[in-house]
$ cat coords.csv   # CSV, C-alpha atoms and all ligand atoms
chain,number,residue,atom,x,y,z
Q,1,MET,CA,108.0,139.2,-2.7
Q,2,ARG,CA,108.8,140.4,-6.2
Q,3,VAL,CA,112.5,139.8,-6.9
Q,4,ALA,CA,114.4,140.6,-10.1
Q,5,VAL,CA,117.3,138.5,-11.2
Q,6,ALA,CA,119.8,140.2,-13.5
Q,7,GLY,CA,121.5,137.4,-15.5
Q,8,ALA,CA,118.4,135.2,-15.2
Q,9,THR,CA,119.3,133.1,-18.2
Q,10,GLY,CA,122.9,132.4,-16.9
Q,11,HIS,CA,124.3,129.5,-14.9
Q,12,ILE,CA,123.7,130.8,-11.4
Q,13,GLY,CA,121.0,133.3,-12.4
Q,14,SER,CA,118.7,130.5,-13.7
Q,15,LEU,CA,119.2,128.4,-10.5
Q,16,THR,CA,118.4,131.5,-8.4
Q,17,VAL,CA,115.2,132.1,-10.4
Q,18,ALA,CA,114.3,128.4,-9.7
Q,19,ALA,CA,115.1,128.8,-6.0
Q,20,LEU,CA,113.0,131.9,-5.6
Q,21,GLU,CA,110.0,130.5,-7.5
Q,22,ARG,CA,110.2,127.3,-5.4
Q,23,ASP,CA,109.9,129.5,-2.3
Q,24,GLY,CA,106.8,131.2,-3.8
Q,25,HIS,CA,108.2,134.5,-4.9
Q,26,GLU,CA,107.4,136.3,-8.1
Q,27,VAL,CA,110.5,136.6,-10.3
Q,28,ILE,CA,111.4,139.1,-13.0
Q,29,GLY,CA,114.1,137.8,-15.2
Q,30,ILE,CA,116.6,140.2,-16.7
Q,31,SER,CA,119.0,139.5,-19.6
Q,32,ARG,CA,119.4,140.4,-23.3
Q,33,THR,CA,117.6,137.3,-24.4
Q,34,LEU,CA,114.7,138.4,-22.2
Q,35,GLY,CA,114.7,141.8,-23.8
Q,36,VAL,CA,116.8,143.9,-21.4
Q,37,ASP,CA,120.3,145.1,-22.2
Q,38,LEU,CA,122.0,146.3,-19.1
Q,39,LEU,CA,124.8,148.0,-21.0
Q,40,THR,CA,122.4,150.4,-22.7
Q,41,ARG,CA,119.6,150.2,-20.0
Q,42,ASP,CA,117.1,149.4,-22.8
Q,43,GLY,CA,114.0,147.9,-21.2
Q,44,LEU,CA,115.3,148.1,-17.7
Q,45,ASP,CA,113.1,150.8,-16.1
Q,46,GLU,CA,109.9,149.0,-17.4
Q,47,VAL,CA,110.7,145.7,-15.7
Q,48,LEU,CA,111.6,147.1,-12.3
Q,49,ALA,CA,108.2,148.5,-11.5
Q,50,GLY,CA,107.1,147.1,-8.1
Q,51,VAL,CA,110.3,145.1,-7.6
Q,52,ASP,CA,111.4,144.7,-3.9
Q,53,ALA,CA,114.9,143.3,-4.4
Q,54,LEU,CA,117.3,142.5,-7.2
Q,55,VAL,CA,120.0,139.9,-7.4
Q,56,ASP,CA,122.9,140.7,-9.8
Q,57,ALA,CA,124.3,137.4,-11.3
Q,58,THR,CA,125.4,138.9,-14.6
Q,59,SER,CA,128.8,138.0,-16.1
Q,60,CYS,CA,131.1,138.7,-19.0
Q,61,THR,CA,133.7,136.7,-20.8
Q,62,ALA,CA,136.2,139.5,-21.4
Q,63,THR,CA,139.9,138.7,-20.7
Q,64,ASP,CA,141.2,142.3,-20.5
Q,65,PRO,CA,140.9,144.1,-17.2
Q,66,ASP,CA,139.8,147.4,-18.8
Q,67,GLU,CA,137.0,145.6,-20.6
Q,68,THR,CA,135.8,143.8,-17.4
Q,69,VAL,CA,135.9,147.1,-15.5
Q,70,SER,CA,133.9,148.8,-18.3
Q,71,PHE,CA,131.3,145.9,-18.5
Q,72,PHE,CA,130.7,145.5,-14.8
Q,73,GLY,CA,130.9,149.2,-14.1
Q,74,THR,CA,128.4,150.1,-16.8
Q,75,VAL,CA,126.0,147.3,-15.8
Q,76,THR,CA,126.2,148.2,-12.1
Q,77,ARG,CA,125.7,151.9,-12.7
Q,78,ASN,CA,122.7,151.3,-14.9
Q,79,LEU,CA,121.2,148.8,-12.4
Q,80,LEU,CA,121.6,151.0,-9.4
Q,81,ALA,CA,120.2,154.1,-11.1
Q,82,ALA,CA,117.1,152.2,-12.3
Q,83,GLU,CA,116.7,150.5,-9.0
Q,84,HIS,CA,116.9,153.9,-7.2
Q,85,LYS,CA,114.3,155.3,-9.5
Q,86,ALA,CA,112.0,152.3,-9.0
Q,87,ARG,CA,112.5,152.4,-5.2
Q,88,VAL,CA,114.0,148.8,-5.1
Q,89,ARG,CA,114.9,148.3,-1.5
Q,90,HIS,CA,117.7,145.7,-1.7
Q,91,HIS,CA,120.5,145.1,-4.2
Q,92,VAL,CA,122.3,141.7,-3.9
Q,93,LEU,CA,125.6,141.2,-5.7
Q,94,LEU,CA,127.1,137.8,-6.3
Q,95,SER,CA,130.8,138.4,-5.9
Q,96,ILE,CA,133.9,136.2,-5.5
Q,97,VAL,CA,136.0,135.3,-2.5
Q,98,SER,CA,139.5,136.8,-2.5
Q,99,ILE,CA,139.2,139.3,-5.3
Q,100,HIS,CA,140.9,141.9,-3.0
Q,101,ARG,CA,143.8,139.5,-2.5
Q,102,VAL,CA,144.6,138.7,-6.1
Q,103,ALA,CA,145.6,141.8,-8.2
Q,104,ASP,CA,146.3,140.3,-11.7
Q,105,VAL,CA,143.2,138.5,-12.8
Q,106,ALA,CA,141.2,140.5,-15.3
Q,107,HIS,CA,137.7,139.2,-14.2
Q,108,TYR,CA,138.5,140.2,-10.6
Q,109,ALA,CA,139.2,143.8,-11.6
Q,110,GLY,CA,135.6,144.0,-12.9
Q,111,LYS,CA,134.3,142.4,-9.8
Q,112,ARG,CA,136.1,144.9,-7.6
Q,113,GLU,CA,134.6,147.8,-9.6
Q,114,GLN,CA,131.1,146.2,-9.1
Q,115,GLU,CA,131.6,146.0,-5.4
Q,116,ARG,CA,133.0,149.6,-5.2
Q,117,LEU,CA,129.9,151.0,-7.0
Q,118,VAL,CA,127.4,148.9,-5.0
Q,119,GLN,CA,129.0,150.1,-1.7
Q,120,ALA,CA,128.9,153.7,-2.8
Q,121,GLY,CA,125.5,153.5,-4.4
Q,122,PRO,CA,122.0,154.7,-3.4
Q,123,VAL,CA,120.4,151.2,-2.9
Q,124,PRO,CA,120.8,149.2,0.4
Q,125,TRP,CA,122.9,146.2,-0.4
Q,126,THR,CA,124.3,142.8,0.4
Q,127,ILE,CA,127.5,141.6,-1.3
Q,128,VAL,CA,127.8,137.8,-1.2
Q,129,PRO,CA,131.3,136.6,-2.0
Q,130,ALA,CA,131.3,133.0,-3.2
Q,131,THR,CA,134.2,130.5,-3.9
Q,132,GLN,CA,134.6,128.8,-7.2
Q,133,PHE,CA,131.6,126.6,-8.3
Q,134,HIS,CA,131.9,122.8,-8.6
Q,135,ASP,CA,131.8,123.0,-12.4
Q,136,PHE,CA,134.5,125.7,-12.5
Q,137,ALA,CA,137.4,123.3,-13.1
Q,138,ALA,CA,135.9,121.7,-16.2
Q,139,THR,CA,135.0,125.1,-17.5
Q,140,VAL,CA,138.6,126.3,-17.1
Q,141,THR,CA,139.9,123.4,-19.3
Q,142,THR,CA,137.6,124.6,-22.2
Q,143,TRP,CA,139.6,127.9,-22.4
Q,144,THR,CA,142.8,126.2,-23.5
Q,145,GLU,CA,141.6,122.9,-24.9
Q,146,GLN,CA,143.3,121.9,-28.2
Q,147,ASP,CA,143.7,118.5,-29.8
Q,148,GLY,CA,142.6,116.7,-26.7
Q,149,VAL,CA,145.0,118.6,-24.4
Q,150,ALA,CA,144.3,121.5,-21.9
Q,151,THR,CA,146.4,123.4,-19.4
Q,152,ILE,CA,145.1,124.2,-15.9
Q,153,ALA,CA,146.6,125.8,-12.8
Q,154,PRO,CA,146.8,123.5,-9.7
Q,155,LEU,CA,144.7,125.9,-7.6
Q,156,LEU,CA,143.6,125.0,-4.1
Q,157,VAL,CA,139.9,125.9,-3.8
Q,158,GLN,CA,136.9,125.2,-1.6
Q,159,PRO,CA,134.3,124.9,-4.2
Q,160,ILE,CA,130.5,125.3,-3.8
Q,161,ALA,CA,127.6,123.6,-5.6
Q,162,PRO,CA,125.8,125.9,-8.0
Q,163,ALA,CA,122.4,125.1,-6.5
Q,164,ASP,CA,123.8,125.9,-3.0
Q,165,ILE,CA,124.9,129.4,-3.9
Q,166,ALA,CA,121.6,130.0,-5.7
Q,167,ASP,CA,119.8,129.0,-2.5
Q,168,VAL,CA,121.9,131.5,-0.5
Q,169,LEU,CA,121.2,134.3,-3.0
Q,170,ALA,CA,117.4,133.6,-2.8
Q,171,GLU,CA,117.5,133.6,1.0
Q,172,VAL,CA,119.6,136.8,1.2
Q,173,ALA,CA,117.4,138.6,-1.4
Q,174,THR,CA,114.2,137.9,0.5
Q,175,GLY,CA,115.7,139.2,3.8
Q,176,GLU,CA,117.1,142.6,4.9
Q,177,PRO,CA,120.2,144.2,3.4
Q,178,GLN,CA,123.3,143.0,5.4
Q,179,GLY,CA,126.2,144.8,3.9
Q,180,ARG,CA,129.2,142.5,3.3
Q,181,TYR,CA,128.0,138.9,3.8
Q,182,PRO,CA,130.5,136.3,5.1
Q,183,ASP,CA,132.4,134.3,2.5
Q,184,VAL,CA,130.3,131.4,1.2
Q,185,ALA,CA,132.1,128.2,0.4
Q,186,GLY,CA,131.5,124.4,0.0
Q,187,PRO,CA,132.5,122.0,2.8
Q,188,GLN,CA,135.9,120.7,1.5
Q,189,THR,CA,139.1,121.9,-0.1
Q,190,GLU,CA,139.9,120.4,-3.5
Q,191,ASP,CA,142.7,120.6,-6.1
Q,192,LEU,CA,141.5,122.2,-9.3
Q,193,VAL,CA,143.4,119.7,-11.6
Q,194,ASP,CA,141.9,116.7,-9.8
Q,195,MET,CA,138.4,118.3,-10.0
Q,196,ALA,CA,138.7,118.8,-13.7
Q,197,ARG,CA,140.0,115.3,-14.3
Q,198,ARG,CA,137.1,113.7,-12.3
Q,199,THR,CA,134.5,116.0,-13.8
Q,200,ASN,CA,135.6,115.1,-17.4
Q,201,GLU,CA,135.6,111.4,-16.4
Q,202,VAL,CA,132.0,111.5,-15.2
Q,203,ARG,CA,131.0,113.4,-18.3
Q,204,GLY,CA,132.8,110.9,-20.5
Q,205,ARG,CA,135.2,113.4,-21.9
Q,206,HIS,CA,138.8,112.4,-22.7
Q,207,LEU,CA,141.2,115.3,-22.1
Q,208,ARG,CA,144.8,115.2,-21.1
Q,209,LEU,CA,145.5,117.9,-18.5
Q,210,VAL,CA,148.8,119.7,-18.2
Q,211,PRO,CA,149.2,121.5,-14.8
Q,212,THR,CA,150.9,124.9,-15.2
Q,213,TRP,CA,151.0,128.4,-13.6
Q,214,SER,CA,151.7,129.9,-17.1
Q,215,GLY,CA,148.0,130.1,-18.1
Q,216,PRO,CA,145.3,132.6,-17.2
Q,217,PHE,CA,145.9,131.8,-13.5
Q,218,GLY,CA,149.4,132.5,-12.2
Q,219,THR,CA,151.2,132.0,-8.9
Q,220,SER,CA,149.4,135.0,-7.3
Q,221,MET,CA,146.5,132.5,-6.8
Q,222,ALA,CA,148.7,129.7,-5.3
Q,223,GLY,CA,148.6,128.6,-1.7
Q,224,GLU,CA,145.6,129.3,0.4
Q,225,VAL,CA,144.7,132.7,-1.1
Q,226,LEU,CA,141.4,131.5,-2.7
Q,227,LEU,CA,140.1,129.8,0.5
Q,228,PRO,CA,137.3,131.5,2.5
Q,229,ALA,CA,138.4,133.8,5.3
Q,230,GLY,CA,136.9,134.5,8.7
Q,231,ARG,CA,133.6,132.9,9.8
Q,232,ALA,CA,132.5,131.6,6.4
Q,233,ARG,CA,129.1,130.2,5.7
Q,234,ILE,CA,129.6,126.6,4.6
Q,235,ALA,CA,127.1,125.1,2.1
Q,236,PRO,CA,126.3,121.4,2.3
Q,237,THR,CA,127.0,119.8,-1.0
Q,238,THR,CA,130.4,118.2,-1.4
Q,239,PHE,CA,132.2,118.0,-4.8
Q,240,ASP,CA,131.9,114.2,-4.6
Q,241,GLU,CA,128.1,114.4,-4.1
Q,242,TRP,CA,127.9,116.8,-7.1
Q,243,LEU,CA,129.9,114.3,-9.2
Q,244,SER,CA,127.7,111.4,-8.1
Q,245,ALA,CA,124.6,113.4,-9.1
Q,246,GLY,CA,126.0,113.6,-12.7
Q,247,ALA,CA,128.2,116.7,-12.6
Q,248,THR,CA,125.6,118.7,-14.4
Q,249,PRO,CA,126.1,122.5,-14.1
N,301,LIG,N1,132.6,130.8,-12.0
N,301,LIG,C1,132.8,130.8,-10.7
N,301,LIG,O1,133.3,129.8,-10.1
N,301,LIG,C2,132.3,131.9,-9.9
N,301,LIG,C3,132.5,131.9,-8.5
N,301,LIG,C4,132.0,133.0,-7.7
N,301,LIG,C5,131.3,134.0,-8.3
N,301,LIG,N2,131.1,134.0,-9.7
N,301,LIG,C6,130.3,135.1,-10.3
N,301,LIG,O2,129.1,134.6,-10.6
N,301,LIG,C7,128.4,135.5,-11.5
N,301,LIG,C8,127.5,134.7,-12.5
N,301,LIG,O3,128.3,133.8,-13.2
N,301,LIG,P1,127.7,132.8,-14.2
N,301,LIG,O4,128.7,131.8,-14.6
N,301,LIG,O5,126.4,132.3,-13.7
N,301,LIG,O6,127.4,133.7,-15.5
N,301,LIG,P2,126.8,133.3,-16.9
N,301,LIG,O7,126.3,131.9,-16.9
N,301,LIG,O8,127.9,133.6,-17.9
N,301,LIG,O9,125.6,134.2,-17.2
N,301,LIG,C9,125.7,135.6,-17.4
N,301,LIG,C10,124.3,136.2,-17.5
N,301,LIG,O10,124.6,137.6,-17.7
N,301,LIG,C11,123.6,138.0,-18.8
N,301,LIG,N3,124.2,139.2,-19.5
N,301,LIG,C12,125.4,139.3,-20.0
N,301,LIG,N4,125.5,140.5,-20.6
N,301,LIG,C13,124.3,141.2,-20.4
N,301,LIG,C14,123.8,142.4,-20.8
N,301,LIG,N5,124.5,143.3,-21.5
N,301,LIG,N6,122.6,142.8,-20.4
N,301,LIG,C15,121.8,141.9,-19.7
N,301,LIG,N7,122.2,140.7,-19.3
N,301,LIG,C16,123.5,140.3,-19.7
N,301,LIG,C17,123.5,136.8,-19.6
N,301,LIG,O11,122.3,136.8,-20.4
N,301,LIG,P3,122.2,137.2,-22.0
N,301,LIG,O12,123.4,136.6,-22.7
N,301,LIG,O13,120.9,136.7,-22.4
N,301,LIG,O14,122.2,138.7,-22.0
N,301,LIG,C18,123.5,135.7,-18.6
N,301,LIG,O15,122.1,135.6,-18.1
N,301,LIG,C19,129.6,136.3,-12.2
N,301,LIG,O16,129.5,137.6,-11.9
N,301,LIG,C20,130.9,135.7,-11.6
N,301,LIG,O17,131.8,136.6,-11.4
N,301,LIG,C21,131.6,133.0,-10.5

$ encode --input "coords.csv" --output "structure tokens"
Amino acid sequence: MRVAVAGATGHIGSLTVAALERDGHEVIGISRTLGVDLLTRDGLDEVLAGVDALVDATSCTATDPDETVSFFGTVTRNLLAAEHKARVRHHVLLSIVSIHRVADVAHYAGKREQERLVQAGPVPWTIVPATQFHDFAATVTTWTEQDGVATIAPLLVQPIAPADIADVLAEVATGEPQGRYPDVAGPQTEDLVDMARRTNEVRGRHLRLVPTWSGPFGTSMAGEVLLPAGRARIAPTTFDEWLSAGATP
């Protein structure tokens, strides 16, 4: 199959490209560094010719809800319009577990807008909600790190290995559209502070962590709200295994 990956140069996008190529598919990479801007649609129509399915693994770093809604809304509208024109048969969206249960996280507002547009759009779709990635905890500490100290919320999560979610996306994209896919998670629950501490240890980084609910993640994310719901698909790689393999993103 010919599969396009939007966000092909990103963390999960690049692993999804690798998984698709490993399985013998032809991959069309989409990102600004590859010459396609999804906010302006420049270069998009040209690369979608003959594409069977598209995986959307784009992201933005905005911390304001209006900005995330604007980014994900514009990107999704442009993708769906171009896919419809090119007769792409399947749009696969990488989403996040629990975005409908947590109201006050800016990134989640953009992800809800993405999901809304995909569900209302003209291209048959699958939405794949994933839990936090194994490297998420260490990433969070970089947002507040100053003079060797970082704050981090003590979230309860059931994280997934980046390569595992990429494998799921590649598998889904090369199958039939399924609508809302079950939540996809790793095999074990973990504490985000402990994850960050252990990741930094393996990476040889010395950082003092201060657990708090006063940072970007507040108590709306406390308890079991971030855990997968219903009959989740459980990916194989534990956080410990990912650490033992070097904790590389
Ligand atoms: N972090 C987590 O734990 C987690 C959990 C579940 C789901 N997710 C979701 O996973 C998705 C992927 O996250 P990630 O960390 O892999 O993202 P990432 O590494 O930040 O990559 C983002 C990608 O989007 C591309 N991009 C950004 N703006 C663009 C534009 N205007 N036009 C074209 N391409 C653009 C970037 O390429 P260029 O810069 O070259 O344009 C890059 O390839 C996100 O939607 C996120 O919500 C994350």

$ residues_near_ligand --input "coords.csv" --ligand "ligand LIG 301 (chain N)" --cutoff "9 Å" --atoms "all atoms listed in the file" --output "ChimeraX atom specification"
/Q:5-15,29-42,56-61,71-72,75,93-97,107-108,110-111,128-137,139,159-160,162,165

$ residues_around --input "coords.csv" --residues "segment 221-223 of chain Q" --least-positions-apart "4" --cutoff "10 Å" --atoms "only C-alpha atoms" --output "PyMOL selection string"
chain Q and resi 98+101-105+153-157+213+217+227

$ closest_residue --input "coords.csv" --among "Q:Ala106, Q:Leu80, Q:Ala161, Q:Val55" --to "Ile127 of chain Q" --atoms "only C-alpha atoms"
Q:Val55

$ closest_residue --input "coords.csv" --among "Q:Thr174, Q:Gln119, Q:Thr16, Q:Thr74" --to "Met1 of chain Q" --atoms "all atoms listed in the file"
Q:Thr174

$ closest_residue --input "coords.csv" --among "Q:Ala53, Q:Ala229, Q:Leu44, Q:Ala82" --to "Glu176 of chain Q" --atoms "only C-alpha atoms"
Q:Ala53

$ closest_residue --input "coords.csv" --among "Q:Val47, Q:Val168, Q:His100, Q:Arg77" --to "Ala19 of chain Q" --atoms "all atoms listed in the file"
Q:Val168

$ atom_distance --input "coords.csv" --atom1 "atom CA of Val210 of chain Q" --atom2 "atom CA of Ile99 of chain Q"
25.4 Å

$ atom_distance --input "coords.csv" --atom1 "atom CA of Val123 of chain Q" --atom2 "atom CA of Val172 of chain Q"
15.0 Å

$ closest_residue --input "coords.csv" --among "Q:Val92, Q:Ala86, Q:Ile152, Q:Val51" --to "Glu171 of chain Q" --atoms "only C-alpha atoms"
Q:Val92

$ residues_near_point --input "coords.csv" --point "(139.3, 116.1, -10.5)" --cutoff "10 Å" --atoms "only C-alpha atoms" --output "ChimeraX atom specification"
/Q:137-138,190-202,239-240,243

$ atom_distance --input "coords.csv" --atom1 "atom CA of Ala49 of chain Q" --atom2 "atom CA of Asp167 of chain Q"
24.4 Å

$ closest_residue --input "coords.csv" --among "Q:Ala62, Q:Val17, Q:Ile28, Q:Ala232" --to "Gln158 of chain Q" --atoms "all atoms listed in the file"
Q:Ala232
